[in-house]
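Participant: This is data_10.csv (CSV, N, CA and C atoms and all ligand atoms).
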```
chain,number,residue,atom,x,y,z
A,1,MET,N,2.8,21.4,-62.1
A,1,MET,CA,3.3,22.1,-60.9
A,1,MET,C,4.8,22.4,-61.0
A,2,VAL,N,5.1,23.6,-60.9
A,2,VAL,CA,6.5,24.0,-60.9
A,2,VAL,C,6.9,24.3,-59.4
A,3,PRO,N,7.9,23.5,-58.9
A,3,PRO,CA,8.4,23.8,-57.6
A,3,PRO,C,9.1,25.1,-57.5
A,4,GLU,N,8.9,25.8,-56.4
A,4,GLU,CA,9.5,27.1,-56.3
A,4,GLU,C,11.0,27.0,-56.1
A,5,VAL,N,11.7,27.9,-56.7
A,5,VAL,CA,13.2,27.9,-56.6
A,5,VAL,C,13.6,28.3,-55.2
A,6,LEU,N,14.4,27.4,-54.6
A,6,LEU,CA,14.8,27.7,-53.2
A,6,LEU,C,16.0,28.7,-53.1
A,7,GLY,N,16.6,28.9,-54.2
A,7,GLY,CA,17.8,29.7,-54.2
A,7,GLY,C,17.7,31.1,-53.7
A,8,SER,N,16.5,31.6,-53.8
A,8,SER,CA,16.3,33.0,-53.4
A,8,SER,C,15.9,33.2,-52.0
A,9,LEU,N,15.8,32.0,-51.3
A,9,LEU,CA,15.4,32.2,-49.9
A,9,LEU,C,16.5,32.8,-49.1
A,10,PRO,N,16.1,33.7,-48.2
A,10,PRO,CA,17.1,34.4,-47.3
A,10,PRO,C,17.5,33.5,-46.2
A,11,LEU,N,18.2,32.4,-46.5
A,11,LEU,CA,18.7,31.5,-45.4
A,11,LEU,C,19.7,32.2,-44.6
A,12,ILE,N,20.5,33.0,-45.2
A,12,ILE,CA,21.6,33.6,-44.4
A,12,ILE,C,21.3,35.1,-44.1
A,13,SER,N,21.1,35.4,-42.9
A,13,SER,CA,20.8,36.7,-42.5
A,13,SER,C,22.1,37.4,-42.0
A,14,HIS,N,22.3,38.5,-42.5
A,14,HIS,CA,23.6,39.2,-42.1
A,14,HIS,C,23.3,40.2,-40.9
A,15,GLY,N,22.1,40.2,-40.5
A,15,GLY,CA,21.7,41.1,-39.4
A,15,GLY,C,22.1,40.5,-38.1
A,16,GLY,N,22.3,41.3,-37.1
A,16,GLY,CA,22.7,40.8,-35.8
A,16,GLY,C,21.4,40.5,-35.0
A,17,ASP,N,20.8,39.4,-35.4
A,17,ASP,CA,19.5,39.0,-34.7
A,17,ASP,C,19.7,38.4,-33.4
A,18,ASP,N,20.9,37.8,-33.2
A,18,ASP,CA,21.0,37.1,-31.9
A,18,ASP,C,22.1,37.7,-31.0
A,19,ASP,N,22.1,39.0,-31.0
A,19,ASP,CA,23.1,39.6,-30.2
A,19,ASP,C,22.4,40.3,-29.0
A,20,ASN,N,21.4,39.6,-28.5
A,20,ASN,CA,20.7,40.3,-27.4
A,20,ASN,C,21.2,40.0,-26.0
A,21,ASN,N,22.2,39.0,-26.0
A,21,ASN,CA,22.8,38.8,-24.6
A,21,ASN,C,24.3,38.9,-24.7
A,22,ASN,N,24.8,39.6,-23.7
A,22,ASN,CA,26.2,39.9,-23.4
A,22,ASN,C,27.0,40.1,-24.7
A,23,ALA,N,26.5,40.9,-25.6
A,23,ALA,CA,27.2,41.1,-26.9
A,23,ALA,C,28.6,41.8,-26.6
A,24,SER,N,28.6,42.6,-25.5
A,24,SER,CA,29.8,43.3,-25.3
A,24,SER,C,31.0,42.4,-24.8
A,25,PHE,N,30.6,41.2,-24.4
A,25,PHE,CA,31.6,40.3,-23.8
A,25,PHE,C,32.3,39.5,-24.9
A,26,THR,N,31.6,39.3,-26.0
A,26,THR,CA,32.1,38.5,-27.1
A,26,THR,C,32.9,39.3,-28.1
A,27,GLN,N,34.1,39.6,-27.7
A,27,GLN,CA,34.9,40.3,-28.7
A,27,GLN,C,35.4,39.3,-29.7
A,28,HIS,N,35.9,38.2,-29.3
A,28,HIS,CA,36.3,37.2,-30.2
A,28,HIS,C,35.3,36.0,-30.2
A,29,LYS,N,34.3,36.2,-31.0
A,29,LYS,CA,33.2,35.3,-30.9
A,29,LYS,C,33.6,33.9,-31.2
A,30,MET,N,34.3,33.7,-32.3
A,30,MET,CA,34.7,32.3,-32.6
A,30,MET,C,35.5,31.7,-31.5
A,31,ASP,N,36.3,32.5,-30.9
A,31,ASP,CA,37.2,32.0,-29.8
A,31,ASP,C,36.3,31.5,-28.6
A,32,SER,N,35.4,32.4,-28.3
A,32,SER,CA,34.6,32.1,-27.1
A,32,SER,C,33.6,31.0,-27.3
A,33,GLU,N,33.3,30.6,-28.6
A,33,GLU,CA,32.4,29.6,-28.8
A,33,GLU,C,33.0,28.3,-29.2
A,34,GLN,N,34.4,28.3,-29.1
A,34,GLN,CA,35.1,27.0,-29.3
A,34,GLN,C,34.7,26.0,-28.2
A,35,LEU,N,34.5,24.8,-28.6
A,35,LEU,CA,34.2,23.8,-27.6
A,35,LEU,C,35.4,23.2,-27.0
A,36,LEU,N,35.4,23.1,-25.7
A,36,LEU,CA,36.5,22.5,-25.0
A,36,LEU,C,36.0,21.3,-24.2
A,37,THR,N,36.9,20.3,-24.0
A,37,THR,CA,36.5,19.1,-23.3
A,37,THR,C,36.8,19.2,-21.8
A,38,CYS,N,35.8,18.9,-21.1
A,38,CYS,CA,35.9,19.0,-19.6
A,38,CYS,C,36.9,18.0,-19.1
A,39,PRO,N,37.8,18.3,-18.3
A,39,PRO,CA,38.8,17.4,-17.7
A,39,PRO,C,38.2,16.4,-16.7
A,40,TYR,N,37.0,16.8,-16.2
A,40,TYR,CA,36.4,15.9,-15.2
A,40,TYR,C,35.5,14.9,-15.9
A,41,ASN,N,35.0,15.2,-17.0
A,41,ASN,CA,34.1,14.2,-17.7
A,41,ASN,C,34.3,14.5,-19.2
A,42,GLU,N,34.9,13.6,-19.9
A,42,GLU,CA,35.2,13.8,-21.3
A,42,GLU,C,34.0,13.9,-22.2
A,43,SER,N,32.8,13.6,-21.7
A,43,SER,CA,31.6,13.7,-22.5
A,43,SER,C,31.1,15.1,-22.4
A,44,HIS,N,31.7,15.9,-21.5
A,44,HIS,CA,31.2,17.3,-21.4
A,44,HIS,C,32.0,18.2,-22.5
A,45,GLN,N,31.2,18.8,-23.3
A,45,GLN,CA,31.8,19.8,-24.3
A,45,GLN,C,31.3,21.1,-23.9
A,46,ILE,N,32.2,22.0,-23.5
A,46,ILE,CA,31.8,23.3,-23.0
A,46,ILE,C,32.3,24.4,-23.8
A,47,ARG,N,31.5,25.4,-24.0
A,47,ARG,CA,32.0,26.6,-24.7
A,47,ARG,C,33.1,27.2,-23.9
A,48,ARG,N,34.1,27.7,-24.7
A,48,ARG,CA,35.3,28.3,-24.1
A,48,ARG,C,34.9,29.4,-23.1
A,49,SER,N,33.9,30.2,-23.5
A,49,SER,CA,33.6,31.3,-22.6
A,49,SER,C,33.0,30.9,-21.3
A,50,ARG,N,32.4,29.7,-21.3
A,50,ARG,CA,31.8,29.2,-20.0
A,50,ARG,C,32.7,28.2,-19.3
A,51,PHE,N,33.8,27.9,-19.9
A,51,PHE,CA,34.7,26.8,-19.4
A,51,PHE,C,35.1,27.0,-17.9
A,52,PRO,N,35.5,28.2,-17.5
A,52,PRO,CA,35.9,28.4,-16.1
A,52,PRO,C,34.8,28.1,-15.1
A,53,TYR,N,33.6,28.6,-15.5
A,53,TYR,CA,32.5,28.4,-14.6
A,53,TYR,C,32.1,26.9,-14.5
A,54,HIS,N,32.2,26.2,-15.7
A,54,HIS,CA,31.9,24.8,-15.7
A,54,HIS,C,32.9,24.0,-14.8
A,55,LEU,N,34.1,24.4,-14.9
A,55,LEU,CA,35.2,23.7,-14.1
A,55,LEU,C,34.8,23.8,-12.6
A,56,VAL,N,34.5,25.0,-12.2
A,56,VAL,CA,34.2,25.2,-10.8
A,56,VAL,C,33.0,24.3,-10.3
A,57,LYS,N,32.0,24.2,-11.2
A,57,LYS,CA,30.8,23.5,-10.9
A,57,LYS,C,31.1,22.0,-11.0
A,58,CYS,N,31.8,21.6,-12.0
A,58,CYS,CA,32.0,20.2,-12.2
A,58,CYS,C,33.0,19.6,-11.2
A,59,ARG,N,33.9,20.5,-10.7
A,59,ARG,CA,34.8,20.0,-9.7
A,59,ARG,C,34.1,19.5,-8.5
A,60,LYS,N,33.1,20.2,-8.1
A,60,LYS,CA,32.3,19.8,-6.9
A,60,LYS,C,31.6,18.5,-7.2
A,61,ASN,N,31.2,18.3,-8.4
A,61,ASN,CA,30.5,17.0,-8.7
A,61,ASN,C,31.4,15.8,-8.9
A,62,HIS,N,32.7,16.1,-9.1
A,62,HIS,CA,33.6,15.0,-9.2
A,62,HIS,C,34.8,15.2,-8.3
A,63,PRO,N,34.6,15.1,-7.0
A,63,PRO,CA,35.8,15.4,-6.1
A,63,PRO,C,36.9,14.4,-6.3
A,64,LYS,N,36.5,13.1,-6.6
A,64,LYS,CA,37.6,12.1,-6.8
A,64,LYS,C,38.4,12.5,-8.0
A,65,VAL,N,37.8,12.9,-9.1
A,65,VAL,CA,38.6,13.3,-10.3
A,65,VAL,C,39.4,14.5,-10.0
A,66,ALA,N,38.9,15.4,-9.1
A,66,ALA,CA,39.6,16.6,-8.8
A,66,ALA,C,40.9,16.3,-8.2
A,67,ASN,N,41.0,15.2,-7.5
A,67,ASN,CA,42.3,14.8,-6.9
A,67,ASN,C,43.3,14.5,-8.0
A,68,ASP,N,42.8,14.2,-9.1
A,68,ASP,CA,43.7,13.8,-10.2
A,68,ASP,C,44.0,15.0,-11.2
A,69,ILE,N,43.5,16.2,-10.8
A,69,ILE,CA,43.6,17.3,-11.7
A,69,ILE,C,44.7,18.3,-11.2
A,70,ARG,N,45.5,18.7,-12.1
A,70,ARG,CA,46.6,19.7,-11.8
A,70,ARG,C,46.2,21.0,-12.4
A,71,VAL,N,46.6,22.1,-11.8
A,71,VAL,CA,46.3,23.4,-12.4
A,71,VAL,C,47.6,23.9,-13.0
A,72,CYS,N,47.5,24.4,-14.2
A,72,CYS,CA,48.6,24.8,-15.0
A,72,CYS,C,49.2,26.0,-14.3
A,73,PRO,N,50.6,26.1,-14.2
A,73,PRO,CA,51.2,27.2,-13.5
A,73,PRO,C,51.2,28.5,-14.4
A,74,PHE,N,51.0,28.3,-15.7
A,74,PHE,CA,51.0,29.4,-16.6
A,74,PHE,C,49.6,30.1,-16.7
A,75,ASN,N,48.6,29.3,-16.5
A,75,ASN,CA,47.2,29.8,-16.6
A,75,ASN,C,46.3,29.0,-15.7
A,76,ALA,N,45.7,29.6,-14.7
A,76,ALA,CA,44.9,28.9,-13.7
A,76,ALA,C,43.7,28.3,-14.3
A,77,ARG,N,43.4,28.8,-15.5
A,77,ARG,CA,42.2,28.3,-16.1
A,77,ARG,C,42.4,26.9,-16.8
A,78,HIS,N,43.7,26.6,-16.9
A,78,HIS,CA,44.0,25.3,-17.5
A,78,HIS,C,44.0,24.3,-16.3
A,79,GLN,N,43.1,23.3,-16.4
A,79,GLN,CA,43.1,22.2,-15.4
A,79,GLN,C,43.2,20.9,-16.1
A,80,ILE,N,44.3,20.2,-15.8
A,80,ILE,CA,44.7,19.1,-16.6
A,80,ILE,C,44.8,17.9,-15.7
A,81,ARG,N,44.5,16.7,-16.3
A,81,ARG,CA,44.7,15.5,-15.5
A,81,ARG,C,46.2,15.2,-15.4
A,82,LYS,N,46.5,14.6,-14.3
A,82,LYS,CA,47.9,14.2,-14.0
A,82,LYS,C,48.6,13.6,-15.2
A,83,ALA,N,47.9,12.7,-15.8
A,83,ALA,CA,48.5,11.9,-16.9
A,83,ALA,C,48.9,12.8,-18.0
A,84,GLU,N,48.2,13.9,-18.2
A,84,GLU,CA,48.4,14.8,-19.3
A,84,GLU,C,49.2,16.1,-18.9
A,85,TYR,N,49.5,16.2,-17.7
A,85,TYR,CA,50.1,17.4,-17.1
A,85,TYR,C,51.4,17.7,-17.8
A,86,LYS,N,52.3,16.8,-17.8
A,86,LYS,CA,53.6,17.0,-18.4
A,86,LYS,C,53.5,17.4,-19.8
A,87,HIS,N,52.7,16.7,-20.5
A,87,HIS,CA,52.4,17.0,-21.9
A,87,HIS,C,51.9,18.4,-22.1
A,88,HIS,N,51.0,18.8,-21.2
A,88,HIS,CA,50.4,20.1,-21.3
A,88,HIS,C,51.5,21.2,-21.1
A,89,LEU,N,52.3,21.0,-20.1
A,89,LEU,CA,53.4,22.0,-19.8
A,89,LEU,C,54.2,22.3,-21.0
A,90,LEU,N,54.5,21.2,-21.7
A,90,LEU,CA,55.4,21.4,-22.9
A,90,LEU,C,54.7,22.1,-24.1
A,91,HIS,N,53.3,22.0,-24.1
A,91,HIS,CA,52.6,22.5,-25.2
A,91,HIS,C,51.7,23.7,-24.9
A,92,CYS,N,51.7,24.1,-23.6
A,92,CYS,CA,50.8,25.1,-23.2
A,92,CYS,C,51.1,26.4,-23.9
A,93,GLU,N,50.1,27.0,-24.5
A,93,GLU,CA,50.4,28.3,-25.2
A,93,GLU,C,50.9,29.4,-24.3
A,94,ASP,N,50.3,29.4,-23.1
A,94,ASP,CA,50.7,30.5,-22.1
A,94,ASP,C,52.1,30.2,-21.7
A,95,GLY,N,52.5,28.9,-21.6
A,95,GLY,CA,53.9,28.6,-21.2
A,95,GLY,C,54.9,29.0,-22.3
A,96,LYS,N,54.5,28.9,-23.5
A,96,LYS,CA,55.3,29.3,-24.6
A,96,LYS,C,55.5,30.8,-24.6
A,97,LEU,N,54.4,31.5,-24.3
A,97,LEU,CA,54.4,32.9,-24.2
A,97,LEU,C,55.4,33.4,-23.1
A,98,ALA,N,55.3,32.7,-22.0
A,98,ALA,CA,56.1,33.0,-20.9
A,98,ALA,C,57.6,32.8,-21.2
A,99,ALA,N,57.8,31.7,-21.9
A,99,ALA,CA,59.2,31.4,-22.3
A,99,ALA,C,59.8,32.4,-23.3
A,100,GLU,N,58.9,32.8,-24.2
A,100,GLU,CA,59.4,33.7,-25.2
A,100,GLU,C,59.4,35.2,-24.8
A,101,GLY,N,58.5,35.5,-23.8
A,101,GLY,CA,58.3,36.8,-23.4
A,101,GLY,C,59.3,37.4,-22.5
A,102,GLY,N,60.5,36.9,-22.5
A,102,GLY,CA,61.5,37.4,-21.6
A,102,GLY,C,62.2,36.3,-20.7
A,103,ALA,N,63.3,36.7,-20.2
A,103,ALA,CA,64.0,35.7,-19.4
A,103,ALA,C,63.7,35.7,-17.9
A,104,GLN,N,62.6,36.4,-17.6
A,104,GLN,CA,62.3,36.5,-16.2
A,104,GLN,C,61.7,35.2,-15.6
A,105,GLY,N,62.4,34.7,-14.6
A,105,GLY,CA,61.9,33.5,-14.0
A,105,GLY,C,62.2,32.2,-14.8
A,106,ALA,N,62.9,32.4,-15.9
A,106,ALA,CA,63.3,31.2,-16.7
A,106,ALA,C,64.3,30.4,-16.0
A,107,GLY,N,64.4,29.1,-16.3
A,107,GLY,CA,65.4,28.3,-15.7
A,107,GLY,C,64.8,27.5,-14.5
A,108,GLU,N,63.6,27.9,-14.1
A,108,GLU,CA,62.9,27.2,-13.0
A,108,GLU,C,62.5,25.8,-13.5
A,109,MET,N,62.0,25.8,-14.7
A,109,MET,CA,61.5,24.6,-15.3
A,109,MET,C,62.6,23.7,-15.8
A,110,SER,N,62.5,22.5,-15.4
A,110,SER,CA,63.4,21.5,-15.9
A,110,SER,C,62.9,20.8,-17.1
A,111,ARG,N,63.6,21.1,-18.2
A,111,ARG,CA,63.1,20.5,-19.5
A,111,ARG,C,63.8,19.2,-19.8
A,112,PRO,N,63.1,18.1,-19.9
A,112,PRO,CA,63.7,16.9,-20.2
A,112,PRO,C,64.1,16.8,-21.7
A,113,GLU,N,65.4,16.9,-21.9
A,113,GLU,CA,65.9,16.9,-23.3
A,113,GLU,C,66.7,15.6,-23.5
A,114,ALA,N,66.2,14.9,-24.4
A,114,ALA,CA,66.8,13.6,-24.7
A,114,ALA,C,68.1,13.7,-25.4
A,201,ZN,ZN,32.3,18.8,-16.7
A,202,ZN,ZN,48.5,25.8,-19.5
```
Take the structure from the file and write it as structure tokens.

Facilitator:
Amino acid sequence: MVPEVLGSLPLISHGGDDDNNNASFTQHKMDSEQLLTCPYNESHQIRRSRFPYHLVKCRKNHPKVANDIRVCPFNARHQIRKAEYKHHLLHCEDGKLAAEGGAQGAGEMSRPEA
């Protein structure tokens, strides 16, 4: 008995077989499918594209944790725990964009420089 060679199996399909739902919304597919960790429950891994919706839903389920969540001033979609808030402000991509994108409104933020 000669086993069949598996190498010729069409395991990889280049056709768009799974583009039957909201294909027009996924311009950056990799980006939208990146998994983000829910600030309300670290065991929640949510796709980036669904993250805002999950936050709204999860916020209602965790009102106590919600008290501990701060919203990023640069992007309302960023919701960060108090403990990580300062760290986030320093590293927020949208914050960097705002800082680099012109001097409008700069100087409001106090940067702790050692
Ligand atoms: Zn969650
Ligand atoms: Zn942010």

Participant: Skipping near chain neighbours, those fewer than 5 positions away, what residues fall within 9 Å of Pro52 in chain A using only C-alpha atoms, listed as a list of chain:residue names?

Facilitator: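 The neighbour list is A:Lys57, A:Arg77, A:His78.
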
Participant: Between CA of Cys72 in chain A and atom ZN of ligand ZN 202 (chain A), what distance in Å does the model show, to one decimal?

Facilitator: 4.6 Å

Participant: Work out how far CA of Arg70 in chain A is from CA of Ala83 in chain A, in Å to one decimal.

Facilitator: 9.5 Å

Participant: Between A:His88, A:Asn67, A:Gln79, A:Ser32, which is the closest to Arg48 in chain A once you count only C-alpha atoms?

Facilitator: A:Ser32

Participant: Just checking: using all atoms listed in the file, which residue out of A:Arg50, A:Ala99, A:Glu84, A:Asn75 ends up closest to ligand ZN 202 (chain A)?

Facilitator: A:Asn75

Participant: Pick out the closest residue to Pro73 in chain A from this set: A:Arg59, A:His54, A:Arg47, A:Lys86. Count only C-alpha atoms.

Facilitator: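 Under the stated criterion, the closest residue is A:Lys86.
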
Participant: As an exercise, work out the distance from atom C of Glu33 in chain A to atom N of Ser49 in chain A in Å and give it to one decimal place.

Facilitator: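 Spanning atom C of Glu33 in chain A to atom N of Ser49 in chain A is a straight-line distance of 6.1 Å.
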
Participant: With only C-alpha atoms and all ligand atoms as the basis for distance, which of A:Asp31, A:Arg81, A:Leu89, A:Lys60 is at the shortest distance from ligand ZN 202 (chain A)?

Facilitator: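 Closest to ligand ZN 202 (chain A), using only C-alpha atoms and all ligand atoms: A:Leu89.
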